[in-house]
Structure formats: structure tokens, C-alpha cells
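As stored in model-v4.csv (CSV, C-alpha atoms):
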chain,number,residue,atom,x,y,z
A,5,MET,CA,-8.6,-11.2,-24.8
A,6,LEU,CA,-6.3,-10.9,-21.8
A,7,PRO,CA,-4.1,-7.8,-21.6
A,8,PHE,CA,-1.0,-9.9,-20.9
A,9,SER,CA,-0.2,-13.5,-21.5
A,10,ARG,CA,3.1,-13.6,-19.5
A,11,VAL,CA,3.5,-11.8,-16.2
A,12,ALA,CA,6.5,-11.6,-13.8
A,13,ILE,CA,6.2,-10.5,-10.1
A,14,ILE,CA,9.3,-9.6,-8.2
A,15,GLY,CA,8.9,-9.9,-4.4
A,16,MET,CA,6.4,-12.3,-2.8
A,17,GLY,CA,5.3,-10.6,0.4
A,18,LEU,CA,1.7,-9.7,1.1
A,19,ILE,CA,1.0,-7.7,-2.0
A,20,GLY,CA,3.1,-9.9,-4.4
A,21,SER,CA,1.6,-13.2,-3.2
A,22,SER,CA,-1.9,-11.7,-3.3
A,23,LEU,CA,-1.2,-10.6,-6.9
A,24,ALA,CA,-0.1,-14.1,-7.8
A,25,ARG,CA,-3.2,-15.6,-6.2
A,26,ALA,CA,-5.4,-13.1,-8.0
A,27,VAL,CA,-3.8,-13.6,-11.4
A,28,ARG,CA,-4.1,-17.4,-11.0
A,29,LYS,CA,-7.8,-17.0,-10.2
A,30,ALA,CA,-8.8,-14.3,-12.6
A,31,MET,CA,-6.4,-15.1,-15.5
A,32,PRO,CA,-5.6,-18.8,-15.2
A,33,THR,CA,-4.0,-19.1,-18.7
A,34,VAL,CA,-1.4,-16.4,-17.9
A,35,ARG,CA,2.1,-17.7,-17.6
A,36,LEU,CA,3.2,-16.5,-14.2
A,37,THR,CA,6.8,-16.3,-13.1
A,38,VAL,CA,7.8,-14.9,-9.7
A,39,SER,CA,11.1,-14.2,-7.9
A,40,ASP,CA,12.2,-13.5,-4.3
A,41,GLY,CA,15.7,-13.2,-2.9
A,42,ASP,CA,14.7,-15.2,0.3
A,43,ALA,CA,15.1,-18.9,-0.1
A,44,ALA,CA,12.5,-19.6,2.6
A,45,VAL,CA,9.9,-17.4,0.8
A,46,ARG,CA,10.6,-19.3,-2.4
A,47,GLU,CA,10.0,-22.6,-0.7
A,48,ARG,CA,6.6,-21.4,0.6
A,49,VAL,CA,5.7,-20.1,-2.9
A,50,LEU,CA,6.4,-23.5,-4.3
A,51,ALA,CA,4.5,-25.2,-1.6
A,52,LEU,CA,1.5,-22.9,-2.1
A,53,ASP,CA,1.7,-23.4,-5.9
A,54,LEU,CA,1.4,-19.6,-6.4
A,55,ALA,CA,3.2,-19.5,-9.8
A,56,ASP,CA,4.3,-21.5,-12.8
A,57,ASP,CA,8.0,-20.7,-12.3
A,58,VAL,CA,9.9,-19.5,-9.2
A,59,THR,CA,13.4,-18.0,-9.6
A,60,GLU,CA,16.0,-16.7,-7.2
A,61,ASN,CA,17.3,-14.1,-9.7
A,62,ALA,CA,15.0,-11.3,-10.7
A,63,GLY,CA,16.6,-11.0,-14.1
A,64,ALA,CA,15.7,-14.7,-14.9
A,65,ALA,CA,12.1,-14.0,-13.9
A,66,VAL,CA,11.4,-11.3,-16.4
A,67,VAL,CA,12.7,-13.0,-19.5
A,68,ASP,CA,9.8,-13.0,-22.1
A,69,ALA,CA,7.4,-11.3,-19.6
A,70,GLU,CA,5.0,-8.7,-21.1
A,71,LEU,CA,4.3,-7.2,-17.7
A,72,VAL,CA,6.8,-7.0,-14.8
A,73,ILE,CA,5.5,-5.9,-11.4
A,74,LEU,CA,8.0,-4.9,-8.7
A,75,ALA,CA,6.5,-5.8,-5.3
A,76,VAL,CA,9.5,-4.8,-3.2
A,77,PRO,CA,10.1,-1.9,-0.7
A,78,VAL,CA,10.2,1.4,-2.6
A,79,GLY,CA,13.8,2.0,-1.6
A,80,ALA,CA,14.8,-1.1,-3.5
A,81,MET,CA,13.1,-0.2,-6.8
A,82,GLY,CA,16.1,1.4,-8.5
A,83,ALA,CA,18.4,-1.5,-7.7
A,84,ILE,CA,15.9,-4.1,-8.9
A,85,GLY,CA,15.3,-2.1,-12.0
A,86,ALA,CA,19.0,-2.1,-12.8
A,87,GLU,CA,19.1,-5.9,-12.1
A,88,ILE,CA,16.4,-6.7,-14.6
A,89,ALA,CA,17.2,-4.1,-17.3
A,90,ALA,CA,19.3,-6.4,-19.6
A,91,GLU,CA,16.8,-9.2,-19.5
A,92,LEU,CA,13.6,-7.3,-20.3
A,93,ALA,CA,11.8,-8.2,-23.5
A,94,PRO,CA,11.2,-5.5,-26.0
A,95,GLY,CA,7.9,-3.7,-25.3
A,96,ALA,CA,7.6,-5.0,-21.8
A,97,ILE,CA,5.8,-2.8,-19.3
A,98,VAL,CA,7.4,-2.4,-15.9
A,99,SER,CA,5.2,-1.4,-13.0
A,100,ASP,CA,5.2,-1.7,-9.3
A,101,VAL,CA,2.8,-1.7,-6.2
A,102,GLY,CA,4.6,0.9,-4.0
A,103,SER,CA,2.9,3.5,-1.8
A,104,VAL,CA,5.2,6.2,-3.0
A,105,LYS,CA,5.1,7.1,-6.7
A,106,GLU,CA,7.2,10.2,-7.7
A,107,LYS,CA,10.6,8.8,-6.3
A,108,VAL,CA,9.8,5.3,-7.7
A,109,LEU,CA,9.1,6.8,-11.2
A,110,ILE,CA,12.4,8.7,-11.1
A,111,ASP,CA,14.4,5.7,-9.9
A,112,LEU,CA,12.8,3.3,-12.5
A,113,VAL,CA,13.1,5.6,-15.4
A,114,ALA,CA,16.8,6.2,-14.6
A,115,ALA,CA,17.5,2.5,-14.2
A,116,LEU,CA,15.5,1.5,-17.3
A,117,PRO,CA,16.2,3.9,-20.1
A,118,GLY,CA,13.9,3.3,-23.1
A,119,VAL,CA,11.6,1.0,-21.1
A,120,ILE,CA,7.9,1.6,-20.7
A,121,VAL,CA,7.5,2.4,-17.0
A,122,ILE,CA,4.0,2.9,-15.5
A,123,PRO,CA,4.0,2.9,-11.7
A,124,ALA,CA,0.9,1.7,-9.9
A,125,HIS,CA,-0.4,1.7,-6.3
A,126,PRO,CA,-3.2,-0.7,-5.3
A,127,VAL,CA,-4.6,1.0,-2.2
A,128,ALA,CA,-5.1,-2.3,-0.3
A,129,GLY,CA,-3.3,-4.3,2.3
A,130,THR,CA,-3.2,-5.6,5.8
A,131,GLU,CA,-0.7,-5.5,8.7
A,132,LYS,CA,0.5,-9.0,7.9
A,133,SER,CA,3.4,-9.9,5.6
A,134,GLY,CA,4.9,-12.9,3.8
A,135,PRO,CA,3.5,-15.2,1.1
A,136,ASP,CA,1.1,-17.0,3.5
A,137,ALA,CA,-0.6,-13.6,4.3
A,138,GLY,CA,-1.8,-13.0,0.7
A,139,PHE,CA,-5.3,-13.6,-0.6
A,140,ALA,CA,-6.8,-13.3,-4.1
A,141,SER,CA,-9.6,-10.9,-3.1
A,142,LEU,CA,-7.3,-8.3,-1.6
A,143,PHE,CA,-7.8,-5.9,-4.5
A,144,LYS,CA,-11.5,-6.4,-5.0
A,145,ASP,CA,-13.4,-3.1,-5.1
A,146,ARG,CA,-10.2,-1.3,-3.9
A,147,TRP,CA,-8.6,1.6,-5.8
A,148,CYS,CA,-5.5,1.0,-7.9
A,149,ILE,CA,-3.9,4.4,-8.8
A,150,LEU,CA,-1.8,4.5,-12.0
A,151,THR,CA,0.8,7.3,-12.2
A,152,PRO,CA,2.1,7.2,-15.8
A,153,PRO,CA,4.9,9.6,-17.0
A,154,ALA,CA,3.9,12.3,-19.4
A,155,ASP,CA,5.3,10.4,-22.4
A,156,ALA,CA,3.4,7.2,-21.7
A,157,GLU,CA,1.0,6.2,-24.6
A,158,ALA,CA,-2.7,6.0,-23.8
A,159,TRP,CA,-3.0,2.4,-25.0
A,160,GLN,CA,-0.2,1.3,-22.6
A,161,VAL,CA,-2.0,2.9,-19.6
A,162,THR,CA,-5.3,1.4,-20.7
A,163,ARG,CA,-3.7,-2.1,-21.0
A,164,LEU,CA,-2.3,-1.9,-17.5
A,165,GLY,CA,-5.6,-0.6,-16.2
A,166,ASP,CA,-7.5,-3.5,-17.8
A,167,PHE,CA,-5.1,-5.9,-16.0
A,168,TRP,CA,-6.0,-4.4,-12.6
A,169,ARG,CA,-9.7,-4.3,-13.4
A,170,LEU,CA,-9.6,-8.0,-14.1
A,171,LEU,CA,-8.3,-8.5,-10.5
A,172,GLY,CA,-11.4,-6.6,-9.2
A,173,ALA,CA,-9.8,-3.2,-8.6
A,174,ARG,CA,-11.2,0.2,-9.4
A,175,VAL,CA,-8.7,2.1,-11.5
A,176,GLU,CA,-7.8,5.8,-11.3
A,177,THR,CA,-5.0,7.7,-13.1
A,178,MET,CA,-3.1,10.5,-11.2
A,179,ASP,CA,0.0,12.6,-11.4
A,180,ALA,CA,2.8,10.9,-9.3
A,181,ALA,CA,3.5,14.0,-7.2
A,182,HIS,CA,-0.2,14.6,-6.5
A,183,HIS,CA,-0.6,10.9,-5.5
A,184,ASP,CA,2.2,11.3,-2.9
A,185,ARG,CA,0.5,14.3,-1.4
A,186,VAL,CA,-2.9,12.5,-1.2
A,187,LEU,CA,-1.4,9.3,0.3
A,188,ALA,CA,0.6,11.3,2.8
A,189,VAL,CA,-2.8,12.4,4.2
A,190,THR,CA,-4.8,9.2,3.8
A,191,SER,CA,-2.1,6.5,4.6
A,192,HIS,CA,1.4,7.7,5.5
A,193,LEU,CA,0.5,10.1,8.3
A,194,PRO,CA,-2.0,7.7,9.9
A,195,HIS,CA,0.8,5.1,10.0
A,196,LEU,CA,3.3,7.6,11.5
A,197,ILE,CA,0.8,8.5,14.2
A,198,ALA,CA,0.1,4.8,14.9
A,199,TYR,CA,3.8,4.0,15.3
A,200,SER,CA,4.2,7.1,17.5
A,201,ILE,CA,1.3,6.5,19.8
A,202,VAL,CA,2.1,2.8,20.3
A,203,GLY,CA,5.7,3.7,21.0
A,204,THR,CA,4.6,6.4,23.5
A,205,ALA,CA,2.3,4.0,25.3
A,206,SER,CA,5.1,1.4,25.7
A,207,ASP,CA,7.4,4.2,27.1
A,208,LEU,CA,5.1,5.6,29.7
A,209,GLU,CA,6.7,5.0,33.1
A,210,THR,CA,3.3,5.2,35.0
A,211,VAL,CA,1.7,2.4,32.9
A,212,THR,CA,3.3,-1.0,32.6
A,213,ARG,CA,3.6,-2.8,29.3
A,214,GLY,CA,1.3,-5.6,30.7
A,215,GLU,CA,-1.4,-3.1,31.5
A,216,VAL,CA,-1.2,-1.5,28.0
A,217,ILE,CA,-1.7,-5.0,26.5
A,218,LYS,CA,-4.3,-6.2,29.0
A,219,TYR,CA,-6.6,-3.1,29.0
A,220,SER,CA,-6.3,-2.1,25.3
A,221,ALA,CA,-9.6,-0.5,24.3
A,222,GLY,CA,-10.8,-0.5,20.7
A,223,GLY,CA,-9.0,2.7,19.7
A,224,PHE,CA,-5.5,1.7,20.9
A,225,ARG,CA,-6.0,-1.8,19.6
A,226,ASP,CA,-6.6,-0.5,16.1
A,227,PHE,CA,-3.5,1.7,16.4
A,228,THR,CA,-1.5,-1.4,17.2
A,229,ARG,CA,-2.8,-3.2,14.1
A,230,ILE,CA,-1.6,-0.4,11.9
A,231,ALA,CA,1.7,-0.2,13.8
A,232,ALA,CA,2.3,-3.9,13.2
A,233,SER,CA,2.9,-3.2,9.5
A,234,ASP,CA,6.1,-4.2,7.8
A,235,PRO,CA,8.9,-2.0,9.3
A,236,VAL,CA,11.2,-2.1,6.2
A,237,MET,CA,8.4,-1.1,3.8
A,238,TRP,CA,7.3,1.8,6.0
A,239,ARG,CA,10.8,3.0,6.7
A,240,ASP,CA,11.2,3.3,2.9
A,241,VAL,CA,7.8,5.0,2.5
A,242,PHE,CA,8.7,7.8,4.9
A,243,LEU,CA,12.2,8.3,3.5
A,244,ASN,CA,11.0,8.4,-0.1
A,245,ASN,CA,8.0,10.6,0.5
A,246,ARG,CA,9.6,12.8,3.1
A,247,GLU,CA,8.5,16.2,1.7
A,248,ALA,CA,4.8,15.4,1.4
A,249,VAL,CA,4.8,13.6,4.8
A,250,LEU,CA,6.6,16.5,6.5
A,251,GLU,CA,4.2,19.0,5.0
A,252,THR,CA,1.2,17.0,6.1
A,253,LEU,CA,2.8,16.4,9.6
A,254,GLY,CA,3.3,20.1,10.0
A,255,ARG,CA,-0.4,20.8,9.3
A,256,PHE,CA,-1.4,18.0,11.6
A,257,THR,CA,0.8,19.4,14.4
A,258,GLU,CA,-0.9,22.8,14.1
A,259,ASP,CA,-4.3,21.2,14.3
A,260,LEU,CA,-3.3,19.1,17.3
A,261,VAL,CA,-2.1,22.2,19.1
A,262,ALA,CA,-5.5,23.9,18.4
A,263,LEU,CA,-7.3,20.8,19.8
A,264,GLN,CA,-5.0,20.9,22.9
A,265,ARG,CA,-6.0,24.5,23.4
A,266,ALA,CA,-9.7,23.7,23.1
A,267,ILE,CA,-9.5,20.9,25.7
A,268,ARG,CA,-7.4,23.1,28.1
A,269,TRP,CA,-9.9,26.0,27.9
A,270,GLY,CA,-13.0,23.8,28.0
A,271,GLU,CA,-14.2,24.8,24.5
A,272,GLY,CA,-16.9,22.1,24.1
A,273,GLU,CA,-18.5,23.6,21.0
A,274,THR,CA,-15.1,23.5,19.2
A,275,LEU,CA,-14.6,19.9,20.1
A,276,GLU,CA,-18.1,18.8,19.2
A,277,ALA,CA,-17.9,20.6,15.8
A,278,LEU,CA,-14.7,18.8,14.9
A,279,PHE,CA,-16.0,15.4,16.0
A,280,THR,CA,-19.3,15.9,14.1
A,281,ARG,CA,-17.3,16.7,10.9
A,282,THR,CA,-15.0,13.7,11.3
A,283,ARG,CA,-17.9,11.4,11.9
A,284,ALA,CA,-19.4,12.5,8.6
A,285,ILE,CA,-16.1,11.6,6.9
A,286,ARG,CA,-16.3,8.1,8.4
A,287,ARG,CA,-19.8,7.8,7.0
A,288,SER,CA,-18.6,8.8,3.6
A,289,ILE,CA,-15.9,6.1,3.6
A,290,ILE,CA,-18.5,3.4,4.4
A,291,ASP,CA,-20.8,4.8,1.7
A,292,GLU,CA,-18.0,4.5,-0.8
A,293,GLY,CA,-17.6,0.8,0.0
A,294,GLN,CA,-14.1,1.2,1.4
A,295,ASP,CA,-14.9,-0.2,4.8
A,296,THR,CA,-17.6,-1.9,6.7
A,297,GLU,CA,-20.0,-0.6,9.4
A,298,GLU,CA,-20.2,-4.0,11.1
A,299,PRO,CA,-19.8,-3.9,14.9
A,300,ASP,CA,-16.2,-3.9,16.1
A,301,PHE,CA,-14.9,-3.3,12.6
A,302,GLY,CA,-16.2,-6.7,11.4
A,303,ARG,CA,-14.0,-8.7,13.8
A,304,LYS,CA,-15.0,-12.3,14.4
A,305,HIS,CA,-15.4,-13.3,18.0
Structure encoded using C-alpha cells:
Amino acid sequence: MLPFSRVAIIGMGLIGSSLARAVRKAMPTVRLTVSDGDAAVRERVLALDLADDVTENAGAAVVDAELVILAVPVGAMGAIGAEIAAELAPGAIVSDVGSVKEKVLIDLVAALPGVIVIPAHPVAGTEKSGPDAGFASLFKDRWCILTPPADAEAWQVTRLGDFWRLLGARVETMDAAHHDRVLAVTSHLPHLIAYSIVGTASDLETVTRGEVIKYSAGGFRDFTRIAASDPVMWRDVFLNNREAVLETLGRFTEDLVALQRAIRWGEGETLEALFTRTRAIRRSIIDEGQDTEEPDFGRKH
């Protein structure tokens, strides 16, 4: 038996359109309704046949839905929650796919009094955006972290977890504040560094923009991939997880100063010890099945 027979997805960017594709593939009998405020996006969704129904208004999309998933920037969660509140069916579960969880939980609970709210974060994505960028296997063997409030009933959390498992995800449950601290380290800070280093490279007066592009080695090239991620989404991530990001950034800054000192004073043993430890972490990520060890990160040439 499927966990839900009627699902609504609000927002049809990379994650929303991947969700739609995954639901169509894994649960073809589910009635799927989607919504997006952009007319051009709605046209593409219709052309790609990603849903049974496509609406302009988010409220219209959630009528009769048993599960509503908000796939919009985290800064917009509260406003969308208020927009759909009057149209939600009794007993409907409202979830999301944002990279920040504590602020999203606060905003959605405030906008949806009496509604079952169980935030979720599928830890998956690419630097691309829009409905054409999505693909059904995006969540396969990736973690989806559920951050239910303290008053959520176990069966409701299990039901949402079963939905994500059917899409191929590995499900974990975590406190929302702890999630934000973990993701500040594993996702948010790396994106901040990528945006910073690519910006620095483009600003260097001694190196032309053309040279930066032409002679990009693997390391810088991978920074540019991360830095190509959706600007609005990441603006909202940093603003809504500022405390955890600033705390992590402070620790990183201290470690960076120590590394600077080791290079300045020729402390080779210190550098080698750090590089050996970080190499082992990379090995662990591959062993966990969260990346590939194919040459050049699996790029096709």
C-alpha cells in the first residue's frame, strides 16, 4: 500500500521537478498536482508531462492532497504556508525540501496552526536549476533527513519516511537545530567558500578573466560548479541559517590562519598530517557510496 495517494508539490525547480519525476516512476498511481508561480515553468512542466495537474495558484494545488511538499527557497516557506493554509485537507502532512530546517519549522508551524508539519531535507542536488534539470534518480541512495517537531506522532513520521524510501532515499531523523549545525559544515560552508574563491579569482587584477577560465585546473573548476548553484536559494540558506554558518565559519577561519602559519614557517609535517587526515575522510565518503572514485569525478570526455 502506498503511503499517499494524492501528492502536491509547490515549486518546480531542480528538486521539485526531480520529485515529480521520481513519484511518477516509483508511484505511478499517485495523483500528482504541482504548482509554480512562473508561467514559463508551468509550460515546461506541461510539455514534459511531469504531473496530472498543473496550477498557477499554490492553494489550488493542495486541495485534497494528503502530502504537500514545498520545494521553494527557504525564505519563502512562511508565505507559501500562509497561502495554502485555508485549502489544506484535514490530516494533510506539509513537508519541504529545504537545506535549513529550524527556521523553516518555525515559519511553517506559525503559518499553519493545527497542521501536521514534518520538514525534510533530501541531501541531493546539482548546480543546475529549472524543470528541465530534474531527473528521477536524483534521490537514489542519498540521505533524506526528517526533522519532525516534538509533538509529531511516530506513525506520521514513518509514513513520510516510507514515501522517501520508495523514491530510493535513505532516511534519517534528526533534531532541526542539530541538522542545521551539521549542514553548515557539510554543505553551507563549502558553498560559501566556493562563492568566495570564484569571486576572488575574478577580482584579481594580475590575472585576467580569460586566463581564469582558460587555465582552470580541476580544483578551481569544481569550485565553479558549486558556485553556479541557484543564487536565490543559497541567499536564503545563509540568511536563515546564519548562526550555525557564522559559528562554523569562525572555526574555519581559525583553522585557515593556522594553515597559513604552517606554510609561512615551512612546517611540512603539519601540512602532511592535515592532508593525510582529509584524504582519509574522502575515502570514507566513497566507501559510504556518497560519491564515485572514477577518474576526474566521473566526468565524461
- Gap from CA of Ala30 (chain A) to CA of Phe167 (chain A) - Å, one decimal: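 Distance between the two atoms: 9.8 Å.
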- Message: Considering only C-alpha atoms, can you say which of A:Ala89, A:Ser21, A:Thr130, A:Gly223 comes closest to Val113 (chain A)?
- Response: A:Ala89
- Residue contacts of region 69-84 of chain A (6 Å, only C-alpha atoms) excluding same-chain residues fewer than 5 positions away, as number ranges by chain: A: 10-15, 20, 96-102, 111-112, 115, 237, 240
What's the 10 Å shell around region 44-52 of chain A, counting all atoms listed in the file, without same-chain residues fewer than 5 positions away, as a compact mmCIF listing (two decimals) with C-alpha atoms, keeping the file's coordinate frame?
# COMPACT_ATOMS: atom_id res chain seq x y z
CA GLY A 15 8.90 -9.90 -4.40
CA MET A 16 6.40 -12.30 -2.80
CA GLY A 17 5.30 -10.60 0.40
CA SER A 21 1.60 -13.20 -3.20
CA ALA A 24 -0.10 -14.10 -7.80
CA ARG A 25 -3.20 -15.60 -6.20
CA VAL A 38 7.80 -14.90 -9.70
CA SER A 39 11.10 -14.20 -7.90
CA ASP A 57 8.00 -20.70 -12.30
CA VAL A 58 9.90 -19.50 -9.20
CA THR A 59 13.40 -18.00 -9.60
CA GLU A 60 16.00 -16.70 -7.20
CA GLY A 134 4.90 -12.90 3.80
CA PRO A 135 3.50 -15.20 1.10
CA ASP A 136 1.10 -17.00 3.50
How close does region 136-237 of chain A get to region 241-257 of chain A? List, as a Markdown table, each residue of region 136-237 of chain A within 12 Å, its nearest atom pair and the distance in Å to one decimal, counting only C-alpha atoms.
| residue | atom | partner | partner_atom | distance |
| --- | --- | --- | --- | --- |
| A:Ala180 | CA | A:Asn245 | CA | 11.1 |
| A:Ala181 | CA | A:Ala248 | CA | 8.8 |
| A:His182 | CA | A:Ala248 | CA | 9.4 |
| A:His183 | CA | A:Ala248 | CA | 9.8 |
| A:Asp184 | CA | A:Ala248 | CA | 6.5 |
| A:Arg185 | CA | A:Ala248 | CA | 5.2 |
| A:Val186 | CA | A:Ala248 | CA | 8.6 |
| A:Leu187 | CA | A:Ala248 | CA | 8.8 |
| A:Ala188 | CA | A:Val249 | CA | 5.2 |
| A:Val189 | CA | A:Thr252 | CA | 6.4 |
| A:Thr190 | CA | A:Thr252 | CA | 10.1 |
| A:Ser191 | CA | A:Val249 | CA | 9.9 |
| A:His192 | CA | A:Val249 | CA | 6.8 |
| A:Leu193 | CA | A:Val249 | CA | 6.6 |
| A:Pro194 | CA | A:Leu253 | CA | 9.9 |
| A:His195 | CA | A:Phe242 | CA | 9.8 |
| A:Leu196 | CA | A:Phe242 | CA | 8.5 |
| A:Ile197 | CA | A:Leu253 | CA | 9.4 |
| A:Ser233 | CA | A:Val241 | CA | 11.8 |
| A:Asp234 | CA | A:Val241 | CA | 10.8 |
| A:Pro235 | CA | A:Val241 | CA | 9.8 |
| A:Val236 | CA | A:Val241 | CA | 8.7 |
| A:Met237 | CA | A:Val241 | CA | 6.3 |
- Which distance in Å separates CA of Ser103 (chain A) and CA of Ala124 (chain A), to one decimal? 8.5 Å
- Which distance in Å separates CA of Ala205 (chain A) and CA of Phe224 (chain A), to one decimal? 9.2 Å
- Using only C-alpha atoms, find the one residue out of A:Glu106, A:Asp53, A:Asp145, A:Asp166 that sits nearest to Phe8 (chain A). A:Asp166
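Candidate residues A:Ser22, A:Thr33, A:Thr280, A:Ser133 were compared for distance to Leu171 (chain A), and the nearest is A:Ser22, using only C-alpha atoms.
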- Item | Given only C-alpha atoms as the counted atoms, nearest of A:Asp155, A:Glu87, A:Asp226, A:Asp42 to Ile120 (chain A) |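 Nearest candidate to Ile120 (chain A) out of A:Asp155, A:Glu87, A:Asp226, A:Asp42: A:Asp155.
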- Query: In terms of the shortest atom-to-atom distance over only C-alpha atoms, which of A:Thr177, A:Arg287, A:Leu36, A:Gly41 is closest to Leu54 (chain A)?
  - Reply: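 Going through A:Thr177, A:Arg287, A:Leu36, A:Gly41 one by one, the smallest distance to Leu54 (chain A) is for A:Leu36.
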